[in-house]
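See structure below.
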Amino acid sequence: MQILDNCERANVGIDIWMVQVDRPEVEVRQYAAMLSDDETARSSRFHAARDRNRYIVRHGILRLLLSAYMCCKPPDVEIRIDSKGKPYVTDQPHEPPMQFNISHSAGLAVLAFGRCAGIGVDIERINDFESMRDVAALSFTSTELYELDNAPEADRMGAFFKLWARKEAVLKACGQGLLLPAACVDVSSPVDGQRTWITRIREASPESEYRLADVATAT
(Lines give C-alpha, C1' and ligand atoms only; values in the text may rest on other atoms or scores of the structure.)
Protein backbone atom coordinates (compact mmCIF):
# COMPACT_ATOMS: atom_id res chain seq x y z
CA MET A 1 0.00 0.00 0.00
CA GLN A 2 1.20 3.48 -0.76
CA ILE A 3 0.27 6.75 0.93
CA LEU A 4 1.34 10.19 -0.05
CA ASP A 5 0.87 13.74 1.12
CA ASN A 6 2.17 17.22 0.41
CA CYS A 7 2.27 18.54 3.95
CA GLU A 8 4.69 21.40 4.43
CA ARG A 9 5.72 20.25 7.91
CA ALA A 10 7.37 16.89 8.32
CA ASN A 11 5.65 16.30 11.66
CA VAL A 12 2.10 16.54 10.33
CA GLY A 13 0.29 13.33 11.23
CA ILE A 14 -1.74 11.14 8.91
CA ASP A 15 -4.09 8.49 10.25
CA ILE A 16 -4.38 5.29 8.22
CA TRP A 17 -7.25 2.85 8.66
CA MET A 18 -7.43 -0.56 7.02
CA VAL A 19 -10.77 -2.38 7.07
CA GLN A 20 -12.33 -5.56 5.76
CA VAL A 21 -15.51 -4.65 3.89
CA ASP A 22 -17.13 -8.08 3.58
CA ARG A 23 -19.49 -7.73 6.54
CA PRO A 24 -22.65 -9.49 7.78
CA GLU A 25 -25.93 -8.26 6.35
CA VAL A 26 -26.95 -6.64 9.63
CA GLU A 27 -23.85 -4.43 9.51
CA VAL A 28 -24.43 -3.60 5.85
CA ARG A 29 -27.89 -2.27 6.76
CA GLN A 30 -26.41 -0.16 9.56
CA TYR A 31 -23.88 1.41 7.20
CA ALA A 32 -26.55 1.92 4.54
CA ALA A 33 -28.48 4.12 6.97
CA MET A 34 -25.50 6.51 7.13
CA LEU A 35 -25.29 7.16 3.38
CA SER A 36 -26.48 10.22 1.51
CA ASP A 37 -29.21 9.96 -1.10
CA ASP A 38 -26.59 10.15 -3.84
CA GLU A 39 -24.52 7.34 -2.30
CA THR A 40 -27.64 5.22 -1.87
CA ALA A 41 -28.48 5.75 -5.54
CA ARG A 42 -24.93 4.82 -6.55
CA SER A 43 -25.04 1.64 -4.49
CA SER A 44 -28.25 0.55 -6.22
CA ARG A 45 -26.47 0.57 -9.60
CA PHE A 46 -24.33 -2.42 -8.67
CA HIS A 47 -25.76 -5.61 -10.15
CA ALA A 48 -23.85 -7.98 -7.87
CA ALA A 49 -24.89 -7.99 -4.21
CA ARG A 50 -21.29 -8.42 -3.03
CA ASP A 51 -20.11 -5.34 -4.93
CA ARG A 52 -23.09 -3.34 -3.72
CA ASN A 53 -22.50 -4.32 -0.10
CA ARG A 54 -18.80 -3.55 -0.30
CA TYR A 55 -19.59 -0.06 -1.61
CA ILE A 56 -22.07 0.52 1.20
CA VAL A 57 -19.61 -0.62 3.87
CA ARG A 58 -16.72 1.43 2.44
CA HIS A 59 -18.70 4.62 2.33
CA GLY A 60 -20.42 3.98 5.62
CA ILE A 61 -17.06 3.53 7.35
CA LEU A 62 -15.74 6.63 5.58
CA ARG A 63 -18.65 8.64 6.98
CA LEU A 64 -18.26 7.09 10.42
CA LEU A 65 -14.59 8.06 10.59
CA LEU A 66 -15.11 11.53 9.12
CA SER A 67 -17.87 12.17 11.66
CA ALA A 68 -15.47 11.28 14.48
CA TYR A 69 -12.84 13.71 13.17
CA MET A 70 -15.41 16.43 12.52
CA CYS A 71 -17.47 15.89 15.70
CA CYS A 72 -20.81 15.31 14.02
CA LYS A 73 -23.12 12.46 13.07
CA PRO A 74 -22.26 10.27 10.03
CA PRO A 75 -25.34 11.31 7.98
CA ASP A 76 -24.47 14.97 8.60
CA VAL A 77 -21.08 14.74 6.88
CA GLU A 78 -21.39 16.62 3.59
CA ILE A 79 -19.04 15.12 1.04
CA ARG A 80 -18.67 17.28 -2.05
CA ILE A 81 -16.88 16.74 -5.35
CA ASP A 82 -14.58 19.39 -6.82
CA SER A 83 -14.27 20.28 -10.50
CA LYS A 84 -11.63 17.59 -11.02
CA GLY A 85 -13.69 14.84 -9.41
CA LYS A 86 -11.91 14.69 -6.04
CA PRO A 87 -14.17 14.39 -2.97
CA TYR A 88 -13.72 16.83 -0.09
CA VAL A 89 -15.41 18.08 3.07
CA THR A 90 -15.50 21.42 4.87
CA ASP A 91 -15.66 21.57 8.65
CA GLN A 92 -14.15 23.84 11.31
CA PRO A 93 -13.52 27.28 9.75
CA HIS A 94 -10.47 28.02 11.92
CA GLU A 95 -8.59 24.79 11.15
CA PRO A 96 -6.95 23.44 8.00
CA PRO A 97 -9.60 21.45 6.11
CA MET A 98 -9.84 17.74 6.80
CA GLN A 99 -8.30 15.84 3.89
CA PHE A 100 -9.11 12.22 3.21
CA ASN A 101 -8.65 9.55 0.60
CA ILE A 102 -9.86 6.01 0.16
CA SER A 103 -8.74 3.05 -1.91
CA HIS A 104 -10.05 -0.48 -2.15
CA SER A 105 -9.11 -3.78 -3.68
CA ALA A 106 -11.28 -6.89 -3.42
CA GLY A 107 -12.51 -7.09 0.19
CA LEU A 108 -10.02 -4.65 1.67
CA ALA A 109 -10.26 -0.87 1.95
CA VAL A 110 -7.69 1.65 3.19
CA LEU A 111 -8.61 5.15 4.33
CA ALA A 112 -6.24 8.03 5.10
CA PHE A 113 -7.04 11.24 7.00
CA GLY A 114 -5.08 14.35 7.89
CA ARG A 115 -5.17 18.14 7.89
CA CYS A 116 -2.66 18.48 5.06
CA ALA A 117 -2.80 20.16 1.67
CA GLY A 118 -3.52 16.85 -0.04
CA ILE A 119 -3.50 13.13 0.66
CA GLY A 120 -3.51 10.16 -1.69
CA VAL A 121 -3.59 6.47 -0.85
CA ASP A 122 -3.74 3.40 -3.05
CA ILE A 123 -3.84 -0.33 -2.52
CA GLU A 124 -3.61 -2.95 -5.25
CA ARG A 125 -4.22 -6.68 -5.24
CA ILE A 126 -1.38 -8.45 -7.04
CA ASN A 127 -2.72 -10.37 -10.02
CA ASP A 128 -0.59 -11.80 -12.81
CA PHE A 129 -1.40 -10.56 -16.30
CA GLU A 130 0.46 -11.12 -19.54
CA SER A 131 0.59 -7.50 -20.73
CA MET A 132 2.31 -6.23 -17.58
CA ARG A 133 5.52 -5.16 -19.36
CA ASP A 134 3.57 -3.45 -22.16
CA VAL A 135 1.52 -1.45 -19.65
CA ALA A 136 4.70 -0.50 -17.82
CA ALA A 137 6.33 0.69 -21.06
CA LEU A 138 3.44 3.09 -21.60
CA SER A 139 3.14 4.37 -18.02
CA PHE A 140 6.55 4.12 -16.34
CA THR A 141 9.58 6.39 -16.51
CA SER A 142 12.92 5.00 -17.63
CA THR A 143 14.08 4.79 -14.01
CA GLU A 144 10.94 2.89 -13.00
CA LEU A 145 11.36 0.50 -15.93
CA TYR A 146 14.95 -0.15 -14.89
CA GLU A 147 13.79 -0.97 -11.36
CA LEU A 148 11.07 -3.25 -12.68
CA ASP A 149 13.30 -5.09 -15.16
CA ASN A 150 15.99 -5.64 -12.54
CA ALA A 151 13.67 -7.05 -9.91
CA PRO A 152 13.97 -10.83 -9.39
CA GLU A 153 11.63 -12.58 -11.79
CA ALA A 154 9.60 -14.07 -8.96
CA ASP A 155 9.07 -10.57 -7.52
CA ARG A 156 8.52 -8.68 -10.76
CA MET A 157 4.73 -8.63 -10.68
CA GLY A 158 4.82 -7.37 -7.10
CA ALA A 159 7.31 -4.69 -8.12
CA PHE A 160 4.98 -3.58 -10.91
CA PHE A 161 2.01 -3.17 -8.58
CA LYS A 162 4.11 -1.37 -5.97
CA LEU A 163 5.17 1.21 -8.55
CA TRP A 164 1.64 1.44 -9.92
CA ALA A 165 0.14 2.00 -6.46
CA ARG A 166 2.66 4.75 -5.75
CA LYS A 167 1.68 6.51 -8.97
CA GLU A 168 -2.02 6.26 -8.14
CA ALA A 169 -1.39 7.71 -4.69
CA VAL A 170 0.60 10.64 -6.11
CA LEU A 171 -2.00 11.52 -8.72
CA LYS A 172 -4.84 11.24 -6.20
CA ALA A 173 -3.01 13.51 -3.75
CA CYS A 174 -2.45 16.01 -6.55
CA GLY A 175 -6.19 16.05 -7.21
CA GLN A 176 -5.81 15.83 -10.98
CA GLY A 177 -5.95 12.05 -11.17
CA LEU A 178 -6.28 10.62 -14.67
CA LEU A 179 -6.09 14.11 -16.17
CA LEU A 180 -2.31 13.64 -16.04
CA PRO A 181 -0.26 10.90 -17.74
CA ALA A 182 1.11 8.28 -15.36
CA ALA A 183 4.67 8.85 -16.61
CA CYS A 184 4.64 12.49 -15.45
CA VAL A 185 5.86 11.41 -12.02
CA ASP A 186 8.75 9.15 -11.08
CA VAL A 187 8.08 6.94 -8.05
CA SER A 188 11.11 4.66 -8.26
CA SER A 189 12.54 3.51 -4.95
CA PRO A 190 15.10 5.79 -3.27
CA VAL A 191 18.66 4.53 -3.68
CA ASP A 192 19.50 5.32 -0.03
CA GLY A 193 16.70 3.15 1.30
CA GLN A 194 14.79 5.97 3.01
CA ARG A 195 11.34 5.10 4.34
CA THR A 196 9.87 8.35 3.01
CA TRP A 197 11.07 10.45 0.10
CA ILE A 198 10.11 13.43 -2.03
CA THR A 199 8.72 13.28 -5.54
CA ARG A 200 7.33 15.89 -7.94
CA ILE A 201 4.73 15.86 -10.70
CA ARG A 202 6.25 17.48 -13.77
CA GLU A 203 2.99 18.46 -15.46
CA ALA A 204 0.91 19.45 -12.43
CA SER A 205 -0.28 23.01 -12.01
CA PRO A 206 0.84 24.33 -9.62
CA GLU A 207 3.88 22.10 -9.27
CA SER A 208 4.22 20.74 -5.75
CA GLU A 209 6.47 18.45 -3.77
CA TYR A 210 4.96 15.27 -2.40
CA ARG A 211 6.24 13.01 0.34
CA LEU A 212 5.76 9.34 -0.47
CA ALA A 213 5.89 6.27 1.77
CA ASP A 214 5.18 2.57 1.45
CA VAL A 215 3.00 1.17 4.23
CA ALA A 216 2.73 -2.54 4.91
CA THR A 217 -0.74 -4.08 5.04
CA ALA A 218 -1.89 -7.07 7.04
CA THR A 219 -1.99 -10.31 5.11
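Scheme for the C-alpha coordinates: letters A, B, ... for chains in order shown; per-chain residue numbers from 1; ligand numbers from 1 in order shown.
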Item to check | For A:Asp22: contacts at 12 Å, only C-alpha atoms, fewer than 4 positions along chain excluded, given as a VMD selection string | outcome: chain A and resid 26 to 28 49 to 58 104 to 109
Next on the checklist: as a PyMOL selection string, please: the residues near stretch 77-83 of chain A (cut-off 7 Å, only C-alpha atoms, same-chain neighbours under 6 positions excluded).
Outcome noted: chain A and resi 63+67+89
Write the residues you've just listed into a file as an mmCIF file, in the first residue's frame, and include N, CA and C atoms for each of them.
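The new file result.cif reads:
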data_model
loop_
_atom_site.group_PDB
_atom_site.id
_atom_site.type_symbol
_atom_site.label_atom_id
_atom_site.label_comp_id
_atom_site.auth_asym_id
_atom_site.auth_seq_id
_atom_site.Cartn_x
_atom_site.Cartn_y
_atom_site.Cartn_z
ATOM 1 N N ARG A 63 -17.831 7.647 6.272
ATOM 2 C CA ARG A 63 -18.655 8.638 6.975
ATOM 3 C C ARG A 63 -18.497 8.523 8.494
ATOM 4 N N SER A 67 -17.028 11.577 10.614
ATOM 5 C CA SER A 67 -17.865 12.173 11.658
ATOM 6 C C SER A 67 -17.117 12.239 12.978
ATOM 7 N N VAL A 89 -14.454 17.618 2.067
ATOM 8 C CA VAL A 89 -15.408 18.082 3.066
ATOM 9 C C VAL A 89 -14.938 19.421 3.604
#
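Surrounding stretch 196-198 of chain A within 7 Å are Glu209, Tyr210, Arg211, Leu212 and Ala213 of chain A, with only C-alpha atoms counted and residues fewer than 6 positions along the same chain left out.
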Item to check | alpha helix (DSSP H) per DSSP on the backbone: members of stretch 39-111 of chain A, as a PyMOL selection string | outcome: chain A and resi 39-43+49-70
Item to check | Contact residues around A:Ile102 with only C-alpha atoms at 7 Å, ignoring same-chain residues under 6 positions, as a ChimeraX atom specification | outcome: /A:110-112,121
Interface rows for stretch 22-121 of chain A against stretch 162-174 of chain A: nearest pair, Å to one decimal, 9 Å, only C-alpha atoms, as CSV:
residue,atom,partner,partner_atom,distance
A:Lys86,CA,A:Lys172,CA,7.9
A:Asn101,CA,A:Lys172,CA,8.0
A:Ala117,CA,A:Ala173,CA,8.6
A:Gly118,CA,A:Ala173,CA,5.0
A:Ile119,CA,A:Ala173,CA,4.5
A:Gly120,CA,A:Ala173,CA,4.0
A:Val121,CA,A:Ala169,CA,4.6
Checklist entry - Hey, what's within 12 Å of A:Pro181 if we count only C-alpha atoms and toss same-chain stuff fewer than 2 positions away? As a ChimeraX atom specification, please? => result /A:138-141,167-168,170-171,176-179,183-186,201-204
Next on the checklist: Can you tell me which residues surround A:Gln99 at a distance of at most 7 Å, considering only C-alpha atoms, apart from same-chain residues fewer than 6 positions away, and format the answer as a ChimeraX atom specification?
Outcome noted: /A:88,113-116,118-119
Next on the checklist: From the options A:Ala216, A:Leu35, A:Ala159, A:Val135, which residue's atoms come nearest to A:Ala182, counting only C-alpha atoms?
Outcome noted: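 Between A:Ala216, A:Leu35, A:Ala159, A:Val135, the residue approaching A:Ala182 most closely is A:Val135.
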Item to check | Atom pair atom CA of A:Gln20 / atom CA of A:Met34: separation (Å) | outcome: 17.9 Å
Checklist outcome for this item: Correct to one decimal, the distance atom CA of A:Phe161-atom CA of A:Val191 is 19.0 Å
Next on the checklist: As an exercise, work out the distance from atom CA of A:Glu153 to atom CA of A:Met132 in Å and give it to one decimal place.
Outcome noted: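 For atom CA of A:Glu153 relative to atom CA of A:Met132, the distance reads 12.7 Å.
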Next on the checklist: Restricting the calculation to only C-alpha atoms: of A:Pro190, A:Phe129, A:Asp122, A:Asp76, which residue gets closest to A:Thr143?
Outcome noted: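 Using only C-alpha atoms, A:Thr143 sits closest to A:Pro190.
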